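Engineer: Handing over final38.csv, CSV, C-alpha atoms.
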```
chain,number,residue,atom,x,y,z
Q,1,MET,CA,-7.7,9.2,-17.9
Q,2,GLU,CA,-7.5,9.4,-14.1
Q,3,LEU,CA,-5.3,7.0,-12.1
Q,4,THR,CA,-5.5,6.5,-8.3
Q,5,TRP,CA,-3.3,4.1,-6.3
Q,6,HIS,CA,-4.7,2.3,-3.3
Q,7,GLY,CA,-1.5,0.4,-2.2
Q,8,LEU,CA,0.2,-2.7,-3.4
Q,9,SER,CA,-0.9,-3.3,-7.0
Q,10,CYS,CA,-4.4,-1.9,-6.6
Q,11,PHE,CA,-5.3,1.0,-8.9
Q,12,ARG,CA,-8.5,2.7,-10.1
Q,13,LEU,CA,-8.6,3.8,-13.7
Q,14,LYS,CA,-11.3,6.2,-14.6
Q,15,GLU,CA,-12.4,8.3,-17.6
Q,16,ARG,CA,-15.7,10.0,-18.3
Q,17,ASN,CA,-18.0,7.9,-20.4
Q,18,LEU,CA,-15.6,4.9,-20.3
Q,19,ALA,CA,-15.4,1.9,-18.1
Q,20,THR,CA,-14.0,2.3,-14.6
Q,21,ILE,CA,-11.5,-0.4,-13.8
Q,22,ILE,CA,-10.0,-1.7,-10.5
Q,23,THR,CA,-6.8,-3.7,-10.6
Q,24,ASP,CA,-5.6,-6.3,-8.1
Q,25,PRO,CA,-7.8,-5.5,-5.1
Q,26,TYR,CA,-6.0,-6.8,-1.9
Q,27,GLY,CA,-7.5,-8.7,1.0
Q,28,ASN,CA,-7.7,-7.9,4.7
Q,29,GLY,CA,-4.6,-9.8,5.7
Q,30,VAL,CA,-1.9,-7.5,4.3
Q,31,GLY,CA,-2.1,-4.8,7.0
Q,32,LEU,CA,-3.8,-2.1,5.0
Q,33,ALA,CA,-7.3,-0.7,5.5
Q,34,PRO,CA,-10.0,-2.8,4.0
Q,35,LEU,CA,-11.0,-1.8,0.5
Q,36,ARG,CA,-14.5,-0.6,-0.4
Q,37,MET,CA,-14.7,0.3,-4.1
Q,38,ARG,CA,-17.0,0.4,-7.1
Q,39,ALA,CA,-16.1,-0.3,-10.7
Q,40,ASP,CA,-17.4,-1.6,-14.0
Q,41,VAL,CA,-14.5,-4.1,-14.4
Q,42,VAL,CA,-12.1,-5.7,-11.9
Q,43,THR,CA,-8.9,-7.4,-13.0
Q,44,VAL,CA,-6.8,-10.0,-11.1
Q,45,SER,CA,-3.2,-10.7,-12.1
Q,46,HIS,CA,-2.9,-13.9,-10.1
Q,47,ASN,CA,-4.6,-15.8,-7.3
Q,48,ALA,CA,-3.0,-14.5,-4.1
Q,49,ALA,CA,-4.5,-12.6,-1.2
Q,50,GLY,CA,-2.8,-9.4,-2.0
Q,51,HIS,CA,-4.3,-9.3,-5.5
Q,52,ASN,CA,-7.5,-11.3,-5.8
Q,53,ASN,CA,-10.1,-9.8,-3.3
Q,54,ILE,CA,-12.9,-9.3,-5.9
Q,55,GLY,CA,-15.4,-9.1,-3.1
Q,56,ALA,CA,-14.0,-5.7,-2.1
Q,57,VAL,CA,-15.4,-4.3,-5.4
Q,58,SER,CA,-19.1,-3.7,-5.9
Q,59,GLY,CA,-21.1,-2.9,-9.0
Q,60,TYR,CA,-18.8,-4.6,-11.5
Q,61,GLU,CA,-20.1,-6.4,-14.6
Q,62,TYR,CA,-16.9,-8.2,-15.5
Q,63,ALA,CA,-14.1,-9.8,-13.5
Q,64,LEU,CA,-11.1,-10.7,-15.6
Q,65,THR,CA,-8.7,-13.3,-14.2
Q,66,GLY,CA,-6.9,-14.6,-17.3
Q,67,PRO,CA,-5.4,-13.8,-20.7
Q,68,GLY,CA,-7.5,-12.6,-23.6
Q,69,GLU,CA,-8.7,-9.6,-25.5
Q,70,TYR,CA,-11.8,-7.7,-24.4
Q,71,GLU,CA,-13.7,-4.5,-25.2
Q,72,ILE,CA,-15.7,-3.3,-22.3
Q,73,GLY,CA,-17.2,0.1,-21.9
Q,74,ASN,CA,-15.2,1.5,-24.8
Q,75,VAL,CA,-11.9,0.4,-23.2
Q,76,PHE,CA,-9.8,-2.2,-25.0
Q,77,ILE,CA,-8.2,-4.6,-22.6
Q,78,THR,CA,-5.5,-7.2,-23.4
Q,79,GLY,CA,-4.4,-9.8,-20.9
Q,80,ILE,CA,-1.0,-11.5,-21.5
Q,81,ALA,CA,0.1,-14.5,-19.4
Q,82,THR,CA,3.5,-14.7,-17.8
Q,83,THR,CA,4.9,-17.4,-15.5
Q,84,GLN,CA,6.3,-16.6,-12.1
Q,85,GLU,CA,9.9,-17.3,-11.2
Q,86,ALA,CA,10.5,-20.8,-9.8
Q,87,SER,CA,6.8,-21.6,-9.7
Q,88,SER,CA,3.9,-22.6,-11.9
Q,89,ILE,CA,1.7,-19.7,-10.8
Q,90,GLN,CA,0.4,-17.8,-13.8
Q,91,ASN,CA,0.6,-14.0,-13.7
Q,92,VAL,CA,-1.4,-11.9,-16.1
Q,93,LEU,CA,-0.3,-8.4,-17.2
Q,94,TYR,CA,-3.1,-6.2,-18.5
Q,95,MET,CA,-3.0,-3.5,-21.1
Q,96,PHE,CA,-5.8,-0.9,-21.0
Q,97,ASP,CA,-6.4,1.5,-24.0
Q,98,TYR,CA,-8.2,4.5,-22.7
Q,99,ASP,CA,-9.0,6.6,-25.8
Q,100,GLY,CA,-5.5,6.4,-27.1
Q,101,VAL,CA,-3.7,6.3,-23.7
Q,102,THR,CA,-2.3,2.8,-23.1
Q,103,VAL,CA,-1.7,1.7,-19.5
Q,104,ALA,CA,0.2,-1.6,-18.7
Q,105,HIS,CA,-0.3,-3.1,-15.3
Q,106,LEU,CA,2.3,-5.8,-14.8
Q,107,GLY,CA,0.7,-7.5,-11.8
Q,108,ASP,CA,3.2,-9.6,-9.8
Q,109,MET,CA,5.7,-10.0,-12.7
Q,110,ALA,CA,8.8,-11.7,-11.3
Q,111,ARG,CA,11.3,-11.5,-14.1
Q,112,VAL,CA,12.0,-9.3,-17.1
Q,113,PRO,CA,9.7,-10.4,-19.9
Q,114,THR,CA,10.7,-12.4,-23.0
Q,115,GLN,CA,11.4,-10.6,-26.3
Q,116,THR,CA,7.9,-11.6,-27.5
Q,117,GLN,CA,6.3,-10.1,-24.5
Q,118,ILE,CA,8.4,-7.0,-24.8
Q,119,GLU,CA,7.2,-6.5,-28.4
Q,120,ALA,CA,3.6,-6.7,-27.2
Q,121,LEU,CA,4.4,-3.8,-24.8
Q,122,GLU,CA,6.1,-1.5,-27.2
Q,123,GLN,CA,3.3,1.1,-27.4
Q,124,ILE,CA,2.9,1.7,-23.6
Q,125,HIS,CA,2.3,5.2,-22.4
Q,126,VAL,CA,1.9,4.5,-18.7
Q,127,LEU,CA,3.7,1.6,-17.0
Q,128,LEU,CA,2.6,0.3,-13.6
Q,129,VAL,CA,5.6,-1.7,-12.5
Q,130,PRO,CA,6.3,-3.6,-9.2
Q,131,VAL,CA,9.6,-2.5,-7.7
Q,132,GLY,CA,9.7,-3.9,-4.1
Q,133,GLY,CA,11.1,-7.4,-4.7
Q,134,GLY,CA,9.7,-10.3,-2.7
Q,135,LYS,CA,8.1,-12.5,-5.4
Q,136,SER,CA,8.0,-9.7,-8.0
Q,137,LEU,CA,10.5,-7.5,-9.8
Q,138,ASN,CA,13.1,-5.8,-7.6
Q,139,ALA,CA,14.4,-2.3,-8.1
Q,140,ALA,CA,17.2,-3.1,-10.5
Q,141,GLN,CA,15.0,-5.5,-12.6
Q,142,ALA,CA,12.2,-2.9,-12.8
Q,143,ALA,CA,14.7,-0.2,-13.9
Q,144,GLU,CA,16.0,-2.5,-16.6
Q,145,LEU,CA,12.5,-3.2,-17.9
Q,146,VAL,CA,11.8,0.6,-18.0
Q,147,SER,CA,14.9,1.1,-20.1
Q,148,MET,CA,13.7,-1.5,-22.6
Q,149,LEU,CA,10.1,-0.3,-22.9
Q,150,GLU,CA,10.8,3.5,-22.7
Q,151,PRO,CA,7.2,4.4,-21.6
Q,152,ASN,CA,6.2,8.0,-21.2
Q,153,ILE,CA,5.3,7.6,-17.5
Q,154,VAL,CA,6.4,5.1,-14.9
Q,155,VAL,CA,4.3,4.6,-11.8
Q,156,PRO,CA,6.0,2.3,-9.2
Q,157,MET,CA,3.8,-0.1,-7.2
Q,158,HIS,CA,4.1,-3.1,-4.9
Q,159,TYR,CA,6.6,-1.7,-2.5
Q,160,ARG,CA,6.7,-1.0,1.3
Q,161,ILE,CA,4.4,1.6,2.7
Q,162,SER,CA,3.2,2.4,6.2
Q,163,GLY,CA,1.1,-0.4,7.6
Q,164,LEU,CA,1.9,-3.0,5.0
Q,165,GLU,CA,2.8,-6.3,6.6
Q,166,LEU,CA,4.5,-7.8,3.5
Q,167,GLU,CA,8.3,-8.0,3.3
Q,168,LEU,CA,9.0,-5.6,0.5
Q,169,ASP,CA,11.7,-3.0,-0.2
Q,170,GLY,CA,10.8,0.7,-0.2
Q,171,VAL,CA,10.6,2.8,-3.3
Q,172,ASP,CA,13.9,4.6,-2.8
Q,173,ARG,CA,16.0,1.8,-4.3
Q,174,PHE,CA,14.0,2.1,-7.5
Q,175,LEU,CA,14.3,5.8,-7.6
Q,176,ASN,CA,18.1,5.5,-7.2
Q,177,GLU,CA,18.2,3.0,-10.0
Q,178,MET,CA,16.3,5.5,-12.2
Q,179,GLY,CA,18.4,8.4,-11.1
Q,180,VAL,CA,15.5,10.3,-9.6
Q,181,THR,CA,16.4,12.6,-6.8
Q,182,ASP,CA,13.4,15.0,-6.5
Q,183,ALA,CA,10.3,12.8,-6.6
Q,184,THR,CA,7.2,14.0,-4.8
Q,185,GLU,CA,4.0,12.1,-4.2
Q,186,GLU,CA,0.9,13.1,-6.2
Q,187,PRO,CA,-2.6,12.1,-5.1
Q,188,ILE,CA,-3.9,11.4,-8.6
Q,189,LEU,CA,-2.3,11.1,-12.0
Q,190,ARG,CA,-4.3,12.6,-14.9
Q,191,VAL,CA,-3.1,11.6,-18.4
Q,192,THR,CA,-4.3,12.5,-21.9
Q,193,SER,CA,-2.8,11.8,-25.2
Q,194,SER,CA,-1.8,15.5,-25.5
Q,195,ASN,CA,0.1,15.9,-22.2
Q,196,LEU,CA,2.5,13.0,-22.4
Q,197,ALA,CA,6.1,13.9,-22.0
Q,198,GLU,CA,8.6,12.7,-24.6
Q,199,GLU,CA,11.2,11.6,-22.0
Q,200,THR,CA,10.3,8.9,-19.5
Q,201,GLU,CA,9.0,10.4,-16.3
Q,202,VAL,CA,8.7,8.7,-12.9
Q,203,VAL,CA,5.5,9.6,-11.0
Q,204,LEU,CA,5.0,8.6,-7.4
Q,205,LEU,CA,1.4,8.3,-6.3
Q,206,ALA,CA,0.4,8.7,-2.6
Q,207,PRO,CA,-1.6,5.6,-1.6
Q,208,LYS,CA,-5.3,6.3,-1.0
Q,209,ILE,CA,-5.9,4.1,1.9
```
Take the structure in the file and write it out as structure tokens.

Structural biologist:
Amino acid sequence: MELTWHGLSCFRLKERNLATIITDPYGNGVGLAPLRMRADVVTVSHNAAGHNNIGAVSGYEYALTGPGEYEIGNVFITGIATTQEASSIQNVLYMFDYDGVTVAHLGDMARVPTQTQIEALEQIHVLLVPVGGGKSLNAAQAAELVSMLEPNIVVPMHYRISGLELELDGVDRFLNEMGVTDATEEPILRVTSSNLAEETEVVLLAPKI
């Protein structure tokens, strides 16, 4: 499975002969270059301009905006609803099973999940977690969640990068919380069930913008 980050919470998940998925495409008002992407499936964690620009994605057959269980293009997708802190906005975290590699995209999760939700996330291999604060998890909360879930790979998202006009913290705070001192950005993350490290590893992706 190949994972590319496009800034904020937008990723492309791709694997040969399986569905290509775009998560949380952002709109034109966040300061980043407009998205022009193709995929079979697009997912939206919640209805906000930084996450719901489905129009930036072409070619898709399915747009998922709520909880449920789906099998699309030989990828098993599970959407689980969470509620944002101090609001009634529903956030949906998505789990994608790519031929035995399970990726969890937490969307704009604002607080550490309940025990029931944690149990649903126990078999996560790759965790895409917001770390920049604002209306989502801050660095300390994100690190706490990582320690609870113990995924093989953690990819931080939704933090301050060049050009972004949203008020978010940089990724350094999260790296400090995780005790990571030598992180380097990678353009793409390639994961198979046979190359997963036993100890949790933090991978920084360079935004493709």

Engineer: Taking all atoms listed in the file into account, produce a table as a Markdown table in which each residue of range 67-138 of chain Q with an atom at most 10 Å from an atom of range 7-19 of chain Q appears once, together with its shortest atom pair and the distance in Å to one decimal, ordered by chain and rising number.

Structural biologist:
```
| residue | atom | partner | partner_atom | distance |
| --- | --- | --- | --- | --- |
| Q:Glu71 | CA | Q:Ala19 | CA | 9.7 |
| Q:Ile72 | CA | Q:Ala19 | CA | 6.7 |
| Q:Gly73 | CA | Q:Ala19 | CA | 4.6 |
| Q:Asn74 | CA | Q:Leu18 | CA | 5.7 |
| Q:Val75 | CA | Q:Ala19 | CA | 6.4 |
| Q:Phe76 | CA | Q:Ala19 | CA | 9.8 |
| Q:Phe96 | CA | Q:Leu13 | CA | 9.1 |
| Q:Tyr98 | CA | Q:Glu15 | CA | 7.6 |
| Q:Asp99 | CA | Q:Leu18 | CA | 8.8 |
| Q:Val103 | CA | Q:Leu13 | CA | 9.3 |
| Q:His105 | CA | Q:Ser9 | CA | 8.3 |
| Q:Leu106 | CA | Q:Ser9 | CA | 8.8 |
| Q:Gly107 | CA | Q:Ser9 | CA | 6.6 |
| Q:Asp108 | CA | Q:Ser9 | CA | 8.0 |
| Q:Leu128 | CA | Q:Ser9 | CA | 8.3 |
| Q:Val129 | CA | Q:Ser9 | CA | 8.7 |
| Q:Pro130 | CA | Q:Ser9 | CA | 7.5 |
| Q:Gly132 | CA | Q:Leu8 | CA | 9.6 |
```

Engineer: For Val42 in chain Q, which residue out of Q:Val155, Q:Ile21, Q:Ala56, Q:Val180 is the nearest one, using all atoms listed in the file?

Structural biologist: Q:Ile21

Engineer: Find the residues around His46 in chain Q up to 9 Å (only C-alpha atoms counted), leave out those fewer than 6 positions away in its own chain, and share them as a PyMOL selection string.

Structural biologist: chain Q and resi 24+52+65-66+89-92+107-108

Engineer: Restricting the calculation to all atoms listed in the file, which member of Q:Pro151, Q:Gly133, Q:Pro113, Q:Pro187 is positioned closest to Leu168 in chain Q?

Structural biologist: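 Closest to Leu168 in chain Q, using all atoms listed in the file: Q:Gly133.
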
Engineer: Check the smallest atom-to-atom distance from each of Q:Thr43, Q:Leu32, Q:Ala139, Q:Thr20 to Gly59 in chain Q using all atoms listed in the file, then report the winner.

Structural biologist: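 Going through Q:Thr43, Q:Leu32, Q:Ala139, Q:Thr20 one by one, the smallest distance to Gly59 in chain Q is for Q:Thr20.
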
Engineer: I'd like to know which of Q:His158, Q:Arg173, Q:His125, Q:Lys208 is closest to Glu185 in chain Q, using only C-alpha atoms.

Structural biologist: Q:Lys208

Engineer: Which of these, Q:Gly79, Q:Asn152, Q:Val112, Q:Leu175, has the shortest distance to Glu199 in chain Q once you count all atoms listed in the file?

Structural biologist: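 Nearest candidate to Glu199 in chain Q out of Q:Gly79, Q:Asn152, Q:Val112, Q:Leu175: Q:Asn152.
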
Engineer: Find the distance between CA of Ile161 in chain Q and CA of His51 in chain Q and write it in Å to one decimal.

Structural biologist: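 Calculated distance between CA of Ile161 in chain Q and CA of His51 in chain Q is 16.2 Å.
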
Engineer: How would you write as number ranges by chain the residues that get within 7 Å of (-1.0, 8.5, -16.9) in the file's frame, counting only C-alpha atoms?

Structural biologist: Q: 1, 3, 126, 153, 189-191

Engineer: Would you work out the distance separating CA of Ala206 in chain Q from CA of Thr184 in chain Q, expressed in Å to one decimal?

Structural biologist: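 Computed distance, CA of Ala206 in chain Q to CA of Thr184 in chain Q, equals 8.9 Å.
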
Engineer: Would you fill out range 68-81 of chain Q with N, CA and C atoms and return it as a PDB file, in the coordinates of the input?

Structural biologist:
```
ATOM      1  N   GLY Q  68      -6.455 -12.756 -22.564  1.00  0.00           N
ATOM      2  CA  GLY Q  68      -7.500 -12.600 -23.600  1.00  0.00           C
ATOM      3  C   GLY Q  68      -7.580 -11.183 -24.053  1.00  0.00           C
ATOM      4  N   GLU Q  69      -8.471 -10.946 -24.995  1.00  0.00           N
ATOM      5  CA  GLU Q  69      -8.700  -9.600 -25.500  1.00  0.00           C
ATOM      6  C   GLU Q  69     -10.184  -9.270 -25.286  1.00  0.00           C
ATOM      7  N   TYR Q  70     -10.412  -8.068 -24.770  1.00  0.00           N
ATOM      8  CA  TYR Q  70     -11.800  -7.700 -24.400  1.00  0.00           C
ATOM      9  C   TYR Q  70     -11.991  -6.211 -24.793  1.00  0.00           C
ATOM     10  N   GLU Q  71     -13.250  -5.884 -25.079  1.00  0.00           N
ATOM     11  CA  GLU Q  71     -13.700  -4.500 -25.200  1.00  0.00           C
ATOM     12  C   GLU Q  71     -14.862  -4.291 -24.330  1.00  0.00           C
ATOM     13  N   ILE Q  72     -14.661  -3.502 -23.271  1.00  0.00           N
ATOM     14  CA  ILE Q  72     -15.700  -3.300 -22.300  1.00  0.00           C
ATOM     15  C   ILE Q  72     -15.818  -1.812 -21.984  1.00  0.00           C
ATOM     16  N   GLY Q  73     -17.004  -1.287 -22.143  1.00  0.00           N
ATOM     17  CA  GLY Q  73     -17.200   0.100 -21.900  1.00  0.00           C
ATOM     18  C   GLY Q  73     -16.324   1.036 -22.648  1.00  0.00           C
ATOM     19  N   ASN Q  74     -16.064   0.683 -23.911  1.00  0.00           N
ATOM     20  CA  ASN Q  74     -15.200   1.500 -24.800  1.00  0.00           C
ATOM     21  C   ASN Q  74     -13.742   1.494 -24.379  1.00  0.00           C
ATOM     22  N   VAL Q  75     -13.348   0.569 -23.517  1.00  0.00           N
ATOM     23  CA  VAL Q  75     -11.900   0.400 -23.200  1.00  0.00           C
ATOM     24  C   VAL Q  75     -11.474  -0.939 -23.733  1.00  0.00           C
ATOM     25  N   PHE Q  76     -10.371  -0.924 -24.470  1.00  0.00           N
ATOM     26  CA  PHE Q  76      -9.800  -2.200 -25.000  1.00  0.00           C
ATOM     27  C   PHE Q  76      -8.804  -2.714 -23.982  1.00  0.00           C
ATOM     28  N   ILE Q  77      -9.003  -3.971 -23.614  1.00  0.00           N
ATOM     29  CA  ILE Q  77      -8.200  -4.600 -22.600  1.00  0.00           C
ATOM     30  C   ILE Q  77      -7.546  -5.860 -23.169  1.00  0.00           C
ATOM     31  N   THR Q  78      -6.243  -5.994 -22.954  1.00  0.00           N
ATOM     32  CA  THR Q  78      -5.500  -7.200 -23.400  1.00  0.00           C
ATOM     33  C   THR Q  78      -4.815  -7.796 -22.193  1.00  0.00           C
ATOM     34  N   GLY Q  79      -5.050  -9.072 -21.940  1.00  0.00           N
ATOM     35  CA  GLY Q  79      -4.400  -9.800 -20.900  1.00  0.00           C
ATOM     36  C   GLY Q  79      -3.347 -10.749 -21.476  1.00  0.00           C
ATOM     37  N   ILE Q  80      -2.117 -10.692 -20.974  1.00  0.00           N
ATOM     38  CA  ILE Q  80      -1.000 -11.500 -21.500  1.00  0.00           C
ATOM     39  C   ILE Q  80      -0.459 -12.335 -20.316  1.00  0.00           C
ATOM     40  N   ALA Q  81      -0.392 -13.653 -20.469  1.00  0.00           N
ATOM     41  CA  ALA Q  81       0.100 -14.500 -19.400  1.00  0.00           C
ATOM     42  C   ALA Q  81       1.592 -14.524 -19.307  1.00  0.00           C
TER      43      ALA Q  81
END
```
